[in-house]
2 protein chains.
Amino acid sequence: MTTIREIAQLCGVSVATVSRVFNQPLTVSKEKREVVERVARELDYRPNESARALATKRSGLIGLVWDTDHRRPGWRHPYLQELLIGLKSALSAHGYHLLMLATSGSAALRAVGASLADPVAYVNMTRRHHLGGLVLIDSGSDAPAFAAFAQSGLPCVAVDVEVDGPRATYVTSDNSGGAAMAVRHLVDTGHRRIATITGPRANRPAADRLDGFRAAMGEAGLAVPPEYVVEGDFYRPSGQAAMRSLIALPEPPTAVFCASDEMAVGALLAARHAGLRVPDELAVVGFDDIELAALVDPPLTTLAQDKAGIGVAAARAVLTMVHGGDKPSPAFLPTRLVVRASSR
Amino acid sequence: MTTIREIAQLCGVSVATVSRVFNQPLTVSKEKREVVERVARELDYRPNESARALATKRSGLIGLVWDTDHRRPGWRHPYLQELLIGLKSALSAHGYHLLMLATSGSAALRAVGASLADPVAYVNMTRRHHLGGLVLIDSGSDAPAFAAFAQSGLPCVAVDVEVDGPRATYVTSDNSGGAAMAVRHLVDTGHRRIATITGPRANRPAADRLDGFRAAMGEAGLAVPPEYVVEGDFYRPSGQAAMRSLIALPEPPTAVFCASDEMAVGALLAARHAGLRVPDELAVVGFDDIELAALVDPPLTTLAQDKAGIGVAAARAVLTMVHGGDKPSPAFLPTRLVVRASSR
DNA sequence: GGAGGGTCTGTAAGCGGTTACAAAGAAAGG
DNA sequence: CCTTTCTTTGTAACCGCTTACAGACCCTCC
């Protein structure tokens with residue numbers, strides 16, 4: 001690897017001048033600048049990132065905190081891949097790389113005494129690596145830990161979790177708006193008895209979807225009896241169980257809005273087991289637009305999240321703060337109603 | 001952040017001694033070692049990774065090269081999430097973090113003139129960040145670029161792509177063994193006319209699956225007419241098209257082994273459109289065991305890959321080389337036949 | 001012609017670690 | 001008791017880059 005010193009020597013200038021050419025080009029005379037640039041190009045010079053990070057206390061790295069939930073080993077993020085694509089492309093565009101930090105439960109973190117339950121060590125890690133900021137991806141039960149990150153003062157952007165702190169914000173879909181769209185769609189197709197299967201009460205997106213559901217039902221002049229609101233946990237089995245209980249009601253709903261596609265698939269299964277025809281006897285609407293949604297039978301009407309867009313928004317937010325900007329307000333990305341055969 | 005110098009001062013020893021306590025503890029007398037360790041713990045000292053990387057030319061980072069294929073924007077890795085979980089947990093266990101490198105097509109790489117087609121810049125990036133090695137995740141068309149990485153001399157481990165180089169190896173499933181299992185299963189359930197829909201010819205796992213198919217058919221004493229081997233591209237539409245052509249044959253197969261679940265789902269769709277009952281009139285077996293496989297109608301018999309295990313194996317292989325070991329031979333992880341209703 | 005003010009450049013002191021080398025002290029051997 | 005050897009420690013150079021500071025040079029203006 002060629003160093004700044006070799007270039008300086010070849011060009012007959014000092015190392016400071018070479019460094020300036022790359023960092024504050026305008027302070028160097030045109031002639032020297034051009035010579036240095038030419039030589040650097042010929043030698044394919046790239047600054048050593050470790051040295052640069054050491055000297056400037058900044059590295060071109062953004063940390064990614066994504067812990068796999070060991071209490072729910074089968075749990076999968078509904079759109080991790082698209083999220084990463086968005087994140088990565090937006091970060092790349094600004095010359096940043098994404099560092100996936102070691103997870104809790106790992107020897108690496110145990111060695112430094114860290115776990116998501118003890119975010120201090122994570123924050124420490126961030127400083128040691130001179131990370132510019134953190135992107136926090138929820139794995140179902142990290143919200144309390146994320147709150148601690150947010151308090152640390154590091155630039156933090158959480159995805160689908162509400163956090164607050166001096167330099168912390170979050171990005172999520174317009175969950176209440178999406179839920180409202182679902183309700184309006186069901187009302188438009190003639191339904192009056194509409195139930196919902198919610199996500200965990202403590203989960204912000206889940207709460208917002210429920211709020212949106214209630215608001216839109218109110219606007220449509222429809223009542224929401226308490227037994228029409230069943231709490232699930234976003235996973236398929238809970239959707240199936242919830243649907244079973246709804247079907248068993250004396251006056252079962254004719255339509256159900258599920259706060260996740262996984263639960264909606266569970267609801268479809270329960271309906272099938274009960275011999276209910278979808279969408280004729282029961283309409284089902286999900287949320288997420290996971291790949292599966294288009295492929296189940298019948299294909300699922302759902303609210304598509306702008307998955308990559310959420311990644312891009314998270315990247316932008318963290319970069320804004322890294323570059324010294326004020327913390328952006330939380331972003332709520334629009335969802336899109338995708339009507340398929342499970343509601344007609 | 002506390003530094004080594006502060007600790008040295010507090011303990012009344014030199015910085016060299018403190019450094020030794022962490023790097024070569026046995027060369028320091030027990031008394032001093034204990035004092036330093038105690039003080040370090042009290043001050044919650046952690047070495048600065050940038051400084052350490054600069055001095056040792058080693059960072060605790062492994063690079064991840066995963067480019068999203070811009071020519072196939074909809075393409076998704078069939079098991080990225082599980083792969084990352086495996087990778088990350090195995091790397092974490094040894095104190096390494098995973099650095100997702102900026103992708104081609106990004107400003108970051110254009111700035112340094114890089115793209116996957118020009119791996120030199122990637123390699124350069126690896127050196128600048130003092131990365132220990134690279135894990136290469138195929139996005140469908142990166143094999144040529146990966147070959148160049150492998151030649152660079154950096155420790156490289158590719159997933160599902162065959163590479164060779166001084167310190168390059170790869171990890172994949174036992175593709176031929178899996179395919180053979182599929183054939184034996186179909187033969188056992190009474191099939192004689194068995195066709196296959198393959199992946200792209202240039203793809204190593206696809207080729208291996210075809211080899212395994214042929215070998216097992218040979219062992220069973222069954223012929224494989226050329227029209228029973230149709231090339232697909234792993235994606236659903238190609239599976240659907242291939243199945244259509246198979247159904248149109250004068251003597252159509254009674255069973256088909258698809259080299260991916262995506263294509264198998266396509267085959268199911270084609271069968272449904274043609275009015276063929278699965279599994280009675282046509283048995284279908286896939287490969288991968290993606291989440292979808294269990295949920296299509298009928299649920300798909302498939303060969304489950306040890307997705308997280310592949311990540312773990314890749315991590316182990318790269319760490320072996322990082323720690324100076326010889327390059328491990330390619331790993332072929334066993335697959336597991338999951339029999340579902342699409343073949344009975 | 002000299003003071004005042006830019007512009008450009010080099011010197012050198014960091015950033016926070018690691019480690020070669022030398023020195024000091026202790027232990028072992030003759 | 002002296003030499004040799006081993007253990008332990010400190011000094012200082014170095015990793016490669018950034019940047020504060022000061023000096024050199026050239027203009028402009030009075």
# chains A, B, ... in the order shown; residues from 1 in each chain; ligands from 1
call {"tool": "interface_residues", "arguments": {"of": "chain C", "to": "chain A", "cutoff": "10 Å", "atoms": "only C-alpha atoms (C1' of nucleotides)", "output": "list in words"}}
result
DT7, DC8, DT9, DG10, DT11, DG14, DC15, DG16 and DG17 of chain C
call {"tool": "write_last_selection", "arguments": {"atoms": "C-alpha atoms (C1' of nucleotides)", "output": "CSV table (one decimal), in the first residue's frame"}}
result
chain,number,residue,atom,x,y,z
C,7,DT,C1',-1.5,32.8,0.2
C,8,DC,C1',1.0,28.8,0.4
C,9,DT,C1',4.0,25.5,2.5
C,10,DG,C1',6.7,22.9,5.9
C,11,DT,C1',7.6,21.4,10.6
C,14,DG,C1',-0.4,14.7,18.1
C,15,DC,C1',-4.3,10.4,17.6
C,16,DG,C1',-3.7,5.6,20.9
C,17,DG,C1',-1.9,1.8,20.6
call {"tool": "residues_around", "arguments": {"residues": "Arg33 of chain B", "least_positions_apart": "4", "cutoff": "9 Å", "atoms": "only C-alpha atoms (C1' of nucleotides)", "output": "number ranges by chain"}}
result
B: 17-18, 20-21, 25-26, 28-29, 37-38
call {"tool": "write_last_selection", "arguments": {"atoms": "N, CA and C atoms", "output": "PDB file, in the first residue's frame"}}
result
ATOM      1  N   THR B  17       3.944  -1.834  29.558  1.00  0.00           N
ATOM      2  CA  THR B  17       3.485  -2.865  30.487  1.00  0.00           C
ATOM      3  C   THR B  17       1.972  -3.042  30.404  1.00  0.00           C
ATOM      4  N   VAL B  18       1.275  -1.937  30.364  1.00  0.00           N
ATOM      5  CA  VAL B  18      -0.179  -2.034  30.271  1.00  0.00           C
ATOM      6  C   VAL B  18      -0.570  -2.765  28.997  1.00  0.00           C
ATOM      7  N   ARG B  20       1.116  -4.850  27.362  1.00  0.00           N
ATOM      8  CA  ARG B  20       1.443  -6.273  27.478  1.00  0.00           C
ATOM      9  C   ARG B  20       0.417  -7.034  28.289  1.00  0.00           C
ATOM     10  N   VAL B  21      -0.102  -6.399  29.312  1.00  0.00           N
ATOM     11  CA  VAL B  21      -1.107  -7.086  30.130  1.00  0.00           C
ATOM     12  C   VAL B  21      -2.241  -7.599  29.259  1.00  0.00           C
ATOM     13  N   PRO B  25      -0.054 -11.441  28.382  1.00  0.00           N
ATOM     14  CA  PRO B  25      -0.146 -11.320  29.840  1.00  0.00           C
ATOM     15  C   PRO B  25       0.944 -12.095  30.581  1.00  0.00           C
ATOM     16  N   LEU B  26       1.440 -13.164  29.987  1.00  0.00           N
ATOM     17  CA  LEU B  26       2.392 -13.999  30.727  1.00  0.00           C
ATOM     18  C   LEU B  26       3.754 -13.346  30.883  1.00  0.00           C
ATOM     19  N   VAL B  28       4.224 -10.445  31.967  1.00  0.00           N
ATOM     20  CA  VAL B  28       4.157  -9.419  33.011  1.00  0.00           C
ATOM     21  C   VAL B  28       4.027 -10.097  34.369  1.00  0.00           C
ATOM     22  N   SER B  29       4.714  -9.555  35.340  1.00  0.00           N
ATOM     23  CA  SER B  29       4.678 -10.170  36.671  1.00  0.00           C
ATOM     24  C   SER B  29       3.258 -10.140  37.219  1.00  0.00           C
ATOM     25  N   GLU B  37      -5.023  -4.881  35.651  1.00  0.00           N
ATOM     26  CA  GLU B  37      -6.348  -5.411  35.312  1.00  0.00           C
ATOM     27  C   GLU B  37      -7.435  -4.780  36.174  1.00  0.00           C
ATOM     28  N   ARG B  38      -7.118  -4.600  37.423  1.00  0.00           N
ATOM     29  CA  ARG B  38      -8.117  -4.026  38.307  1.00  0.00           C
ATOM     30  C   ARG B  38      -8.446  -2.585  37.896  1.00  0.00           C
TER      31      ARG B  38
END
call {"tool": "residues_around", "arguments": {"residues": "DG4 of chain C", "least_positions_apart": "4", "cutoff": "12 Å", "atoms": "only C-alpha atoms (C1' of nucleotides)", "output": "mmCIF file with N, CA and C atoms (P, O5', C5', C4', C3', O3' and C1' of nucleotides), in the first residue's frame"}}
result
data_model
loop_
_atom_site.group_PDB
_atom_site.id
_atom_site.type_symbol
_atom_site.label_atom_id
_atom_site.label_comp_id
_atom_site.auth_asym_id
_atom_site.auth_seq_id
_atom_site.Cartn_x
_atom_site.Cartn_y
_atom_site.Cartn_z
ATOM 1 P P DC D 27 3.830 39.052 -6.830
ATOM 2 O "O5'" DC D 27 2.602 39.969 -6.440
ATOM 3 C "C5'" DC D 27 2.355 40.167 -5.052
ATOM 4 C "C4'" DC D 27 0.924 40.579 -4.815
ATOM 5 C "C3'" DC D 27 0.599 41.959 -5.378
ATOM 6 O "O3'" DC D 27 -0.790 42.067 -5.653
ATOM 7 C "C1'" DC D 27 0.822 42.031 -2.995
ATOM 8 P P DT D 28 -1.290 43.454 -6.366
ATOM 9 O "O5'" DT D 28 -1.682 44.334 -5.092
ATOM 10 C "C5'" DT D 28 -2.548 43.776 -4.097
ATOM 11 C "C4'" DT D 28 -2.765 44.796 -2.997
ATOM 12 C "C3'" DT D 28 -2.950 46.237 -3.481
ATOM 13 O "O3'" DT D 28 -4.075 46.804 -2.811
ATOM 14 C "C1'" DT D 28 -1.234 46.139 -1.858
ATOM 15 P P DC D 29 -4.662 48.203 -3.280
ATOM 16 O "O5'" DC D 29 -4.199 49.138 -2.066
ATOM 17 C "C5'" DC D 29 -4.340 48.675 -0.719
ATOM 18 C "C4'" DC D 29 -3.595 49.628 0.195
ATOM 19 C "C3'" DC D 29 -3.697 51.101 -0.222
ATOM 20 O "O3'" DC D 29 -4.077 51.878 0.897
ATOM 21 C "C1'" DC D 29 -1.432 50.478 0.099
ATOM 22 P P DC D 30 -4.526 53.397 0.715
ATOM 23 O "O5'" DC D 30 -3.502 54.142 1.670
ATOM 24 C "C5'" DC D 30 -3.325 53.669 3.011
ATOM 25 C "C4'" DC D 30 -1.976 54.129 3.546
ATOM 26 C "C3'" DC D 30 -1.746 55.640 3.474
ATOM 27 O "O3'" DC D 30 -1.235 56.089 4.707
ATOM 28 C "C1'" DC D 30 0.064 54.501 2.477
#
call {"tool": "select_by_dssp", "arguments": {"residues": "segment 144-326 of chain A", "states": "strand (DSSP E or B)", "output": "PyMOL selection string"}}
result
chain A and resi 156-159+165+168-173+194-198+229-231+255-258+283-288+301-304
call {"tool": "write_last_selection", "arguments": {"atoms": "C-alpha atoms", "output": "PDB file, in the first residue's frame"}}
result
ATOM      1  CA  CYS A 156     -29.314   6.689  16.619  1.00  0.00           C
ATOM      2  CA  VAL A 157     -32.055   5.789  14.213  1.00  0.00           C
ATOM      3  CA  ALA A 158     -34.433   3.007  15.130  1.00  0.00           C
ATOM      4  CA  VAL A 159     -36.566   1.143  12.643  1.00  0.00           C
ATOM      5  CA  GLY A 165     -33.041  11.011  22.910  1.00  0.00           C
ATOM      6  CA  ALA A 168     -32.180   9.753  18.386  1.00  0.00           C
ATOM      7  CA  THR A 169     -35.091   9.379  16.036  1.00  0.00           C
ATOM      8  CA  TYR A 170     -36.953   6.633  14.271  1.00  0.00           C
ATOM      9  CA  VAL A 171     -38.373   5.561  10.973  1.00  0.00           C
ATOM     10  CA  THR A 172     -41.454   3.485  10.378  1.00  0.00           C
ATOM     11  CA  SER A 173     -44.393   3.222   8.056  1.00  0.00           C
ATOM     12  CA  ILE A 194     -64.914  -5.663  10.987  1.00  0.00           C
ATOM     13  CA  ALA A 195     -62.531  -7.042  13.579  1.00  0.00           C
ATOM     14  CA  THR A 196     -58.798  -6.618  14.039  1.00  0.00           C
ATOM     15  CA  ILE A 197     -55.992  -8.813  15.219  1.00  0.00           C
ATOM     16  CA  THR A 198     -53.372  -6.512  16.680  1.00  0.00           C
ATOM     17  CA  VAL A 229     -60.045  -6.492  19.040  1.00  0.00           C
ATOM     18  CA  VAL A 230     -57.814  -9.477  19.696  1.00  0.00           C
ATOM     19  CA  GLU A 231     -54.179  -9.119  20.603  1.00  0.00           C
ATOM     20  CA  ALA A 255     -63.861  -9.057   7.752  1.00  0.00           C
ATOM     21  CA  VAL A 256     -60.663  -8.889   9.726  1.00  0.00           C
ATOM     22  CA  PHE A 257     -57.722  -6.553   9.550  1.00  0.00           C
ATOM     23  CA  CYS A 258     -54.509  -8.192  10.772  1.00  0.00           C
ATOM     24  CA  ALA A 283     -62.395 -10.963   4.063  1.00  0.00           C
ATOM     25  CA  VAL A 284     -58.841 -10.783   5.337  1.00  0.00           C
ATOM     26  CA  VAL A 285     -56.393  -7.894   5.055  1.00  0.00           C
ATOM     27  CA  GLY A 286     -52.817  -8.034   6.267  1.00  0.00           C
ATOM     28  CA  PHE A 287     -49.965  -5.609   6.712  1.00  0.00           C
ATOM     29  CA  ASP A 288     -46.387  -5.699   5.367  1.00  0.00           C
ATOM     30  CA  THR A 301     -54.835  -8.157   0.342  1.00  0.00           C
ATOM     31  CA  THR A 302     -52.330  -6.176   2.350  1.00  0.00           C
ATOM     32  CA  LEU A 303     -50.681  -2.855   3.025  1.00  0.00           C
ATOM     33  CA  ALA A 304     -47.321  -2.777   1.365  1.00  0.00           C
TER      34      ALA A 304
END
call {"tool": "interface_residues", "arguments": {"of": "chain B", "to": "chain A", "cutoff": "8 Å", "atoms": "only C-alpha atoms", "output": "ChimeraX atom specification"}}
result
/B:1,46-51,53-54,68,76,80-81,85,88-89,91-103,106-109,124,127-130,292,295-297
call {"tool": "atom_distance", "arguments": {"atom1": "atom CA of Gly12 of chain B", "atom2": "atom CA of Arg41 of chain B"}}
result
16.3 Å
call {"tool": "residues_around", "arguments": {"residues": "DA27 of chain C", "least_positions_apart": "5", "cutoff": "12 Å", "atoms": "only C-alpha atoms (C1' of nucleotides)", "output": "list in words"}}
result
DT4, DT5, DC6 and DT7 of chain D
call {"tool": "write_last_selection", "arguments": {"atoms": "C-alpha atoms (C1' of nucleotides)", "output": "compact mmCIF listing (two decimals), in the first residue's frame"}}
result
# COMPACT_ATOMS: atom_id res chain seq x y z
C1' DT D 4 25.79 -16.35 32.33
C1' DT D 5 20.98 -16.56 31.58
C1' DC D 6 16.31 -15.53 32.32
C1' DT D 7 12.63 -12.49 33.69
call {"tool": "select_by_dssp", "arguments": {"residues": "segment 124-338 of chain A", "states": "helix (DSSP H, G or I)", "output": "count of residues only"}}
result
92
call {"tool": "atom_distance", "arguments": {"atom1": "atom CA of Asp188 of chain A", "atom2": "atom CA of Ser245 of chain A"}}
result
25.4 Å
call {"tool": "residues_around", "arguments": {"residues": "DA22 of chain C", "least_positions_apart": "3", "cutoff": "12 Å", "atoms": "only C-alpha atoms (C1' of nucleotides)", "output": "ChimeraX atom specification"}}
result
/D:9-12
call {"tool": "interface_residues", "arguments": {"of": "chain D", "to": "chain A", "cutoff": "8 Å", "atoms": "only C-alpha atoms (C1' of nucleotides)", "output": "PDB file with C-alpha atoms (C1' of nucleotides), in the first residue's frame"}}
result
ATOM      1  C1'  DC D  15       1.866   2.547  12.295  1.00  0.00           C
ATOM      2  C1'  DG D  16      -0.221   6.546   8.478  1.00  0.00           C
ATOM      3  C1'  DC D  17      -2.675  10.474   8.582  1.00  0.00           C
ATOM      4  C1'  DT D  18      -4.362  15.284  10.220  1.00  0.00           C
TER       5       DT D  18
END
call {"tool": "atom_distance", "arguments": {"atom1": "atom CA of Tyr228 of chain A", "atom2": "atom CA of Pro250 of chain A"}}
result
11.5 Å
